[in-house]
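Next up, my_file_3.tsv (TSV, C-alpha atoms):
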chain	number	residue	atom	x	y	z
A	858	MET	CA	113.40	116.85	87.55
A	859	ILE	CA	113.17	113.28	86.24
A	860	ALA	CA	114.02	111.80	89.65
A	861	THR	CA	111.49	114.08	91.38
A	862	ILE	CA	108.68	113.13	88.99
A	863	LEU	CA	109.48	109.44	89.40
A	864	LEU	CA	109.58	109.54	93.19
A	865	GLU	CA	106.78	112.00	93.95
A	866	VAL	CA	104.28	111.41	91.15
A	867	VAL	CA	104.78	108.20	89.19
A	868	LEU	CA	105.93	105.86	91.96
A	869	PRO	CA	102.92	106.51	94.26
A	870	VAL	CA	100.60	105.84	91.30
A	871	PHE	CA	102.22	102.49	90.56
A	872	VAL	CA	102.33	101.48	94.22
A	873	LEU	CA	98.52	101.74	94.28
A	874	ILE	CA	98.20	99.86	90.98
A	875	ALA	CA	100.48	97.13	92.36
A	876	PHE	CA	98.38	96.84	95.53
A	877	GLY	CA	95.25	96.50	93.41
A	878	SER	CA	96.88	93.73	91.38
A	879	LEU	CA	98.00	91.95	94.53
A	880	MET	CA	94.53	92.16	96.10
A	881	GLN	CA	92.95	90.80	92.93
A	882	ARG	CA	95.29	87.81	92.97
A	883	LEU	CA	94.68	87.14	96.65
A	884	PHE	CA	90.95	87.82	96.94
A	885	GLN	CA	89.43	87.78	93.42
A	886	LEU	CA	87.76	91.18	93.84
A	887	ASP	CA	84.37	91.95	92.32
A	888	LEU	CA	85.42	94.40	89.60
A	889	TYR	CA	81.86	95.16	88.58
A	890	THR	CA	81.02	96.33	92.11
A	891	LEU	CA	84.21	98.39	92.30
A	892	SER	CA	83.33	100.15	89.05
A	893	LYS	CA	79.84	100.89	90.38
A	894	ILE	CA	81.32	102.57	93.47
A	895	ASN	CA	83.58	104.70	91.27
A	896	PHE	CA	80.90	105.43	88.72
A	897	TYR	CA	77.95	106.35	90.92
A	898	PHE	CA	79.49	107.81	94.07
A	899	ILE	CA	83.19	108.68	94.20
A	900	THR	CA	83.57	110.43	90.83
A	901	PRO	CA	80.33	112.48	91.11
A	902	ALA	CA	81.41	113.61	94.59
A	903	ALA	CA	84.86	114.64	93.32
A	904	VAL	CA	83.40	116.56	90.36
A	905	PHE	CA	80.88	118.36	92.56
A	906	MET	CA	83.50	119.45	95.09
A	907	SER	CA	85.91	120.54	92.34
A	908	MET	CA	83.32	122.83	90.76
A	909	TYR	CA	82.03	124.08	94.11
A	910	HIS	CA	85.51	125.24	95.18
A	911	SER	CA	86.73	126.49	91.76
A	912	ASP	CA	88.36	129.94	91.62
A	913	MET	CA	88.85	131.35	88.10
A	914	SER	CA	87.96	134.54	86.23
A	915	GLY	CA	85.26	134.36	83.58
A	916	GLU	CA	87.67	135.32	80.78
A	917	LEU	CA	90.23	132.67	81.62
A	918	LEU	CA	87.52	130.09	82.13
A	919	GLY	CA	86.24	130.79	78.62
A	920	THR	CA	89.75	130.47	77.16
A	921	VAL	CA	90.33	127.13	78.89
A	922	VAL	CA	86.96	125.81	77.71
A	923	MET	CA	87.74	126.87	74.11
A	924	PHE	CA	91.20	125.28	74.26
A	925	TYR	CA	89.80	122.05	75.63
A	926	ALA	CA	86.89	121.88	73.17
A	927	LEU	CA	89.22	122.32	70.18
A	928	TYR	CA	91.75	119.86	71.63
A	929	VAL	CA	89.29	117.00	72.10
A	930	PHE	CA	87.53	117.70	68.79
A	931	ILE	CA	90.80	117.35	66.86
A	932	LEU	CA	91.59	114.15	68.75
A	933	TRP	CA	88.10	112.84	67.91
A	934	LEU	CA	88.70	113.54	64.21
A	935	LEU	CA	92.04	111.71	64.32
A	936	GLY	CA	90.50	108.79	66.22
A	937	THR	CA	87.67	108.52	63.71
A	938	VAL	CA	90.12	108.45	60.80
A	939	ALA	CA	92.25	105.82	62.56
A	940	GLY	CA	89.15	103.70	63.24
A	941	ARG	CA	88.30	103.67	59.54
A	942	LEU	CA	91.88	102.95	58.45
A	943	PHE	CA	92.16	99.97	60.78
A	944	LYS	CA	88.55	98.88	60.11
A	945	PHE	CA	87.61	98.67	63.79
A	946	GLU	CA	84.28	97.22	64.87
A	947	SER	CA	81.81	99.73	66.39
A	948	SER	CA	82.67	98.66	69.95
A	949	MET	CA	86.38	99.10	69.26
A	950	LYS	CA	85.86	102.49	67.62
A	951	ALA	CA	84.19	103.73	70.80
A	952	ALA	CA	86.92	102.28	73.02
A	953	PHE	CA	89.69	103.68	70.80
A	954	ASN	CA	88.29	107.22	70.76
A	955	ASN	CA	87.80	107.10	74.51
A	956	SER	CA	91.42	106.04	74.95
A	957	ILE	CA	92.75	109.15	73.20
A	958	MET	CA	90.13	111.68	74.32
A	959	LEU	CA	89.77	110.77	78.01
A	960	ASP	CA	92.91	111.44	80.01
A	961	ASN	CA	94.25	111.24	83.54
A	962	SER	CA	93.95	114.96	84.34
A	963	GLY	CA	92.98	114.31	87.96
A	964	ASN	CA	95.03	111.75	89.83
A	965	TYR	CA	98.03	112.19	87.53
A	966	GLY	CA	97.60	115.70	86.14
A	967	MET	CA	96.94	117.46	89.44
A	968	PRO	CA	100.12	116.17	91.17
A	969	ILE	CA	102.25	117.06	88.14
A	970	ASN	CA	100.69	120.53	88.04
A	971	ALA	CA	101.45	121.04	91.74
A	972	LEU	CA	105.03	119.83	91.26
A	973	VAL	CA	105.78	122.02	88.23
A	974	PHE	CA	104.06	125.20	89.44
A	975	LYS	CA	104.73	124.70	93.17
A	976	GLY	CA	101.13	125.22	94.21
A	977	ASP	CA	100.48	128.36	92.12
A	978	MET	CA	96.75	129.07	92.50
A	979	LEU	CA	96.22	130.10	88.86
A	980	ALA	CA	97.84	126.96	87.49
A	981	SER	CA	96.03	124.81	90.04
A	982	SER	CA	92.64	126.32	89.19
A	983	MET	CA	93.21	125.76	85.48
A	984	GLN	CA	94.07	122.10	86.04
A	985	ALA	CA	91.01	121.69	88.26
A	986	LEU	CA	88.82	123.09	85.48
A	987	ILE	CA	90.44	120.77	82.94
A	988	MET	CA	89.72	117.87	85.30
A	989	SER	CA	86.07	118.93	85.57
A	990	LEU	CA	85.72	119.29	81.79
A	991	GLN	CA	87.36	115.90	81.40
A	992	SER	CA	84.86	114.38	83.83
A	993	LEU	CA	81.99	115.96	81.92
A	994	LEU	CA	83.35	114.59	78.64
A	995	THR	CA	83.86	111.16	80.18
A	996	PHE	CA	80.32	110.84	81.43
A	997	THR	CA	78.67	112.42	78.39
A	998	TYR	CA	80.53	111.54	75.19
A	999	GLY	CA	82.41	108.62	76.75
A	1000	VAL	CA	79.24	106.96	78.00
A	1001	ILE	CA	77.12	107.76	74.95
A	1002	ALA	CA	79.79	106.44	72.55
A	1003	ILE	CA	79.94	103.11	74.35
A	1004	GLN	CA	76.18	102.86	74.68
A	1005	GLY	CA	75.81	103.63	70.98
A	1006	ALA	CA	78.23	100.84	70.11
A	1007	LYS	CA	76.52	98.37	72.41
A	1008	MET	CA	72.94	99.30	71.53
A	1009	LYS	CA	73.41	99.51	67.76
A	1010	GLY	CA	71.88	102.93	67.29
A	1011	ASN	CA	69.09	102.63	69.88
A	1012	TYR	CA	69.31	106.32	70.70
A	1013	ARG	CA	66.25	106.36	72.93
A	1014	SER	CA	67.88	103.82	75.24
A	1015	MET	CA	71.15	105.76	74.98
A	1016	LEU	CA	69.43	108.96	76.09
A	1017	ILE	CA	67.71	107.22	78.98
A	1018	GLY	CA	71.03	105.68	79.99
A	1019	PHE	CA	72.75	109.07	79.87
A	1020	LEU	CA	70.05	110.72	81.98
A	1021	LYS	CA	70.74	108.13	84.67
A	1022	MET	CA	74.39	109.20	84.90
A	1023	PRO	CA	75.09	111.20	88.09
A	1024	VAL	CA	78.21	113.14	87.02
A	1025	PRO	CA	76.58	115.77	84.74
A	1026	TYR	CA	74.11	116.59	87.50
A	1027	ALA	CA	76.94	116.82	90.04
A	1028	LEU	CA	78.91	119.18	87.79
A	1029	VAL	CA	75.99	121.53	87.12
A	1030	LEU	CA	74.90	121.54	90.77
A	1031	GLY	CA	78.44	122.22	92.00
A	1032	LEU	CA	78.86	125.12	89.56
A	1033	LEU	CA	75.45	126.55	90.47
A	1034	LEU	CA	76.13	126.48	94.20
A	1035	HIS	CA	79.55	128.02	93.57
A	1036	VAL	CA	78.02	130.93	91.63
A	1037	LEU	CA	75.36	131.43	94.32
A	1038	GLN	CA	78.02	131.15	97.05
A	1039	ALA	CA	75.67	128.83	98.89
A	1040	PRO	CA	77.23	127.32	102.03
A	1041	LEU	CA	77.19	123.56	102.42
A	1042	PRO	CA	76.28	122.12	105.84
A	1043	LEU	CA	79.01	120.03	107.40
A	1044	PHE	CA	76.98	116.82	107.24
A	1045	VAL	CA	76.91	117.24	103.44
A	1046	SER	CA	80.38	118.65	102.74
A	1047	GLN	CA	82.31	116.24	104.94
A	1048	PRO	CA	81.09	112.99	103.31
A	1049	LEU	CA	81.66	114.51	99.87
A	1050	THR	CA	85.18	115.54	100.91
A	1051	TYR	CA	85.89	112.01	102.15
A	1052	ALA	CA	84.70	110.61	98.81
A	1053	GLN	CA	86.77	113.12	96.85
A	1054	GLN	CA	89.89	112.25	98.83
A	1055	SER	CA	89.37	108.54	98.18
A	1056	MET	CA	89.04	108.91	94.39
A	1057	VAL	CA	92.72	108.41	93.50
A	1058	ALA	CA	93.22	105.36	95.70
A	1059	ILE	CA	89.99	103.55	94.75
A	1060	ALA	CA	90.36	104.26	91.02
A	1061	LEU	CA	93.97	103.08	90.88
A	1062	LEU	CA	93.31	100.00	93.02
A	1063	THR	CA	90.50	99.14	90.61
A	1064	LEU	CA	92.84	99.58	87.66
A	1065	GLY	CA	95.43	97.32	89.28
A	1066	ALA	CA	92.78	94.62	89.75
A	1067	GLN	CA	91.69	94.98	86.12
A	1068	ILE	CA	95.26	94.60	84.87
A	1069	VAL	CA	95.46	91.19	86.52
A	1070	LYS	CA	92.17	90.14	84.91
A	1071	TYR	CA	93.38	91.32	81.50
A	1072	PRO	CA	97.12	90.47	81.31
A	1073	LEU	CA	99.57	92.88	79.68
A	1074	LYS	CA	99.85	92.34	75.92
A	1075	LEU	CA	102.77	94.16	74.41
A	1076	TYR	CA	102.02	93.01	70.86
A	1077	ARG	CA	98.72	94.88	70.33
A	1078	LEU	CA	99.15	97.39	67.50
A	1079	ASP	CA	95.93	99.22	68.35
A	1080	VAL	CA	97.29	100.04	71.82
A	1081	TYR	CA	100.47	101.56	70.36
A	1082	VAL	CA	98.49	103.61	67.84
A	1083	SER	CA	96.39	104.94	70.71
A	1084	MET	CA	99.52	105.81	72.70
A	1085	PHE	CA	101.11	107.60	69.75
A	1086	LEU	CA	98.05	109.78	69.23
A	1087	LYS	CA	97.65	110.42	72.95
A	1088	LEU	CA	101.25	111.05	74.04
A	1089	ILE	CA	102.84	112.53	70.88
A	1090	ILE	CA	100.12	114.03	68.70
A	1091	GLY	CA	98.07	115.26	71.69
A	1092	PRO	CA	100.82	117.55	73.03
A	1093	ALA	CA	101.54	118.76	69.47
A	1094	ILE	CA	97.89	119.79	69.18
A	1095	GLY	CA	98.11	121.47	72.58
A	1096	CYS	CA	101.20	123.43	71.51
A	1097	ALA	CA	99.54	124.60	68.28
A	1098	LEU	CA	96.43	125.73	70.17
A	1099	VAL	CA	98.49	127.65	72.73
A	1100	PHE	CA	100.08	129.61	69.86
A	1101	ALA	CA	96.75	130.06	68.06
A	1102	LEU	CA	95.04	131.45	71.17
A	1103	GLY	CA	97.96	133.78	71.91
A	1104	LEU	CA	98.56	132.37	75.40
A	1105	LYS	CA	101.73	133.08	77.35
A	1106	GLY	CA	103.20	132.49	80.77
A	1107	ILE	CA	101.53	130.22	83.31
A	1108	PRO	CA	98.25	129.79	81.33
A	1109	ALA	CA	100.20	128.59	78.28
A	1110	GLN	CA	102.45	126.32	80.35
A	1111	ALA	CA	99.57	124.80	82.33
A	1112	LEU	CA	97.48	124.01	79.25
A	1113	LEU	CA	100.44	122.61	77.32
A	1114	ILE	CA	101.32	120.24	80.17
A	1115	ALA	CA	97.65	119.31	80.58
A	1116	SER	CA	97.59	118.21	76.93
A	1117	GLY	CA	100.21	115.55	77.63
A	1118	MET	CA	98.43	113.40	80.21
A	1119	PRO	CA	98.15	109.61	79.70
A	1120	THR	CA	94.88	107.75	79.10
A	1121	GLY	CA	92.60	108.15	82.11
A	1122	VAL	CA	91.66	105.50	84.64
A	1123	ASN	CA	87.99	106.30	83.93
A	1124	THR	CA	88.48	104.86	80.43
A	1125	SER	CA	89.07	101.48	82.02
A	1126	ILE	CA	86.28	101.96	84.56
A	1127	LEU	CA	83.79	102.77	81.79
A	1128	ALA	CA	84.92	99.76	79.78
A	1129	GLU	CA	84.38	97.53	82.80
A	1130	GLU	CA	81.03	99.12	83.64
A	1131	TYR	CA	79.64	98.56	80.13
A	1132	ARG	CA	81.65	95.43	79.26
A	1133	ASN	CA	83.06	97.18	76.18
A	1134	GLU	CA	86.64	96.19	75.21
A	1135	PRO	CA	87.89	96.19	78.83
A	1136	ASP	CA	91.11	94.43	77.84
A	1137	PHE	CA	92.08	97.15	75.34
A	1138	ALA	CA	91.12	99.89	77.80
A	1139	ALA	CA	93.22	98.44	80.60
A	1140	GLN	CA	96.25	98.07	78.30
A	1141	THR	CA	96.07	101.69	77.08
A	1142	VAL	CA	95.82	103.07	80.61
A	1143	LEU	CA	98.77	101.10	81.94
A	1144	LEU	CA	101.13	101.44	78.96
A	1145	SER	CA	100.38	105.11	78.30
A	1146	THR	CA	101.09	105.87	81.97
A	1147	LEU	CA	104.40	103.98	81.77
A	1148	PHE	CA	105.52	105.74	78.58
A	1149	ASN	CA	104.32	109.08	79.94
A	1150	VAL	CA	107.29	109.12	82.29
A	1151	VAL	CA	109.39	110.03	79.25
A	1152	THR	CA	106.97	112.21	77.31
A	1153	ILE	CA	105.78	114.36	80.24
A	1154	THR	CA	109.38	115.14	81.22
A	1155	GLY	CA	110.08	116.46	77.72
A	1156	LEU	CA	106.82	118.39	77.69
A	1157	ILE	CA	107.58	120.09	81.01
A	1158	SER	CA	110.95	121.17	79.63
A	1159	LEU	CA	109.26	122.57	76.51
A	1160	ALA	CA	106.65	124.41	78.60
A	1161	LYS	CA	109.37	126.30	80.46
A	1162	MET	CA	110.14	128.11	77.19
A	1163	PHE	CA	106.71	129.79	77.05
Kindly transcribe the structure held in the file into C-alpha cells.
Amino acid sequence: MIATILLEVVLPVFVLIAFGSLMQRLFQLDLYTLSKINFYFITPAAVFMSMYHSDMSGELLGTVVMFYALYVFILWLLGTVAGRLFKFESSMKAAFNNSIMLDNSGNYGMPINALVFKGDMLASSMQALIMSLQSLLTFTYGVIAIQGAKMKGNYRSMLIGFLKMPVPYALVLGLLLHVLQAPLPLFVSQPLTYAQQSMVAIALLTLGAQIVKYPLKLYRLDVYVSMFLKLIIGPAIGCALVFALGLKGIPAQALLIASGMPTGVNTSILAEEYRNEPDFAAQTVLLSTLFNVVTITGLISLAKMF
C-alpha cells in the first residue's frame, strides 16, 4: 500500500511541483498572473463541473455537509486559540487558520479516494462533494479572512471583494443546472472540461514556482504547529465525528480519509493573490504534503476497520 501510494499518488504530485520550480528558476514566471488564471478561471470551471455532474442522495448529502461543517468549525476554534497563544498578527492569524481549514481534497484527495475505493461511485461522489464544499469555504471564508486582515475591518470593501469572486457563483449555478437537469451545449461544456482537467497541473506548477520564490525553512515553529493540527488533530476530529454521526462502511471510511488531507494548494494561491503571508502558506503546503505520506497511510489502515 505504501509503495502504491508513493508511485501512483505522491510521486506525480511532486513531479509537477518540481517542474514548476525548474520553470521558475529558468524563466522567472509571473506568479501573480498564474494565480489570477487559477483564481478567476480554472478553479471556478472545476467547481461548476463538479457540482453539475454530482450524483448523491439528499440524505447522504446532508450528512456530508453536517460532517464537514462541524469539522471545519472545530479546526477554526483550535486555530483561533493557537493564534492567541502565539500572539500572531492579524495577517498571520488569517493565514494560519487557512492553512488548517483549507485542504487538498481535489488534486490529492480524489486520487487517494480512487486508489483506496477502486473507483466506487459512492465514495467518489462523497469526495467530489467534499472538494466542492472545500472550494466554497476557500473562496468565502478563506478570501474574507484575508481581506479582513488586510483591510483592517473595512467590511464594506470586504463584501464588495467577496461579491467579485467567481467561485460561489460557479458552485450555485452548477448545482442549479444539475437539479434542473439542464443540458449544456458542447461549446460551453468542452471548454469547462478542458479547464477542469488542467486544474491539477496548473495549480501544482504554480506551487512549485512559489516554493522557489520562498525557500524552504525547516525552522519555522508556526509551520509545524499548523501541520500538527492539520495532519494529527484533523483526522482525530474526523474519527470522533464519524462515531458521533453513527456512520459505518464506505461513508465512514471516505469521510475519515477525507479528514486527513494536507494543506491545499489554494491556500498558497490565495496568499499570493492577496500578498498575505505567501512564504508561510507555501511552506505549509509543501511540508504538510511531504509528511502526509506517513499520516495518510496510517489513516487508510485505520479506515479499513470501520
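Note that the spacing between CA of Gly1095 in chain A and CA of Leu1143 in chain A amounts to 22.4 Å.
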* Residues near Gly963 in chain A, cut-off 10 Å, all atoms listed in the file, skip fewer than 5 positions along chain, as a PyMOL selection string -> chain A and resi 903+968-970+984-985+987-989+991-992+1056-1057+1118+1121-1122
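Among the candidates A:Tyr925, A:Phe996, A:Phe1044, A:Tyr1071, the one nearest to Phe896 in chain A when counting all atoms listed in the file is A:Phe996.
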* Structure fact -> Taken to one decimal, the CA of Ile1089 in chain A-CA of Ser1145 in chain A distance is 10.8 Å
* Quick one, how far is CA of Arg882 in chain A from CA of Val1069 in chain A? -> 7.3 Å
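Residue nearest Ala1027 in chain A within the list A:Thr900, A:Ser982, A:Ser1116, A:Gln1110: A:Thr900 [criterion: smallest interatomic distance, all atoms listed in the file].
For the choices A:Pro1025, A:Pro1135, A:Gly1155, A:Gly976, the atom-to-atom distance to Leu1113 in chain A is smallest for A:Gly1155 when using all atoms listed in the file.
Here the question is which of A:Met913, A:Val922, A:Ala1066, A:Leu935 gets nearest to His1035 in chain A using only C-alpha atoms, and that residue is A:Met913.
Remark: for Val870 in chain A, the closest of the candidate residues A:Phe1163, A:Tyr965, A:Tyr1051, A:Tyr1076 is A:Tyr965 (distances computed over all atoms listed in the file).
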* Within 12 Å of (111.2, 112.0, 86.4), all atoms listed in the file: residues as a ChimeraX atom specification? -> /A:858-868,969,972-973,1147-1158
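Remark: for Pro1108 in chain A, the closest of the candidate residues A:Lys1161, A:His910, A:Lys944, A:Lys950 is A:Lys1161 (distances computed over all atoms listed in the file).
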* Asked: Contacts of Val1045 in chain A at 12 Å or less, counting only C-alpha atoms, minus same-chain residues fewer than 5 places along, as a PyMOL selection string?
  -> chain A and resi 902+905-906+1040+1050-1052
May I have the centre and edge lengths, in Å to one decimal, of an axis-aligned box around the listed atoms of range 1106-1122 of chain A with 4 Å added to every side, as AutoDock Vina command-line options?
--center_x 97.4 --center_y 119.0 --center_z 80.8 --size_x 19.5 --size_y 35.0 --size_z 15.7
* To do: Name the residues in contact with Ile931 in chain A at a cut-off of 12 Å, using all atoms listed in the file, excluding same-chain residues fewer than 5 positions from it; report them as a PyMOL selection string.
  => chain A and resi 924-926+936-938+954+957-958+1086-1087+1090-1095+1097-1098
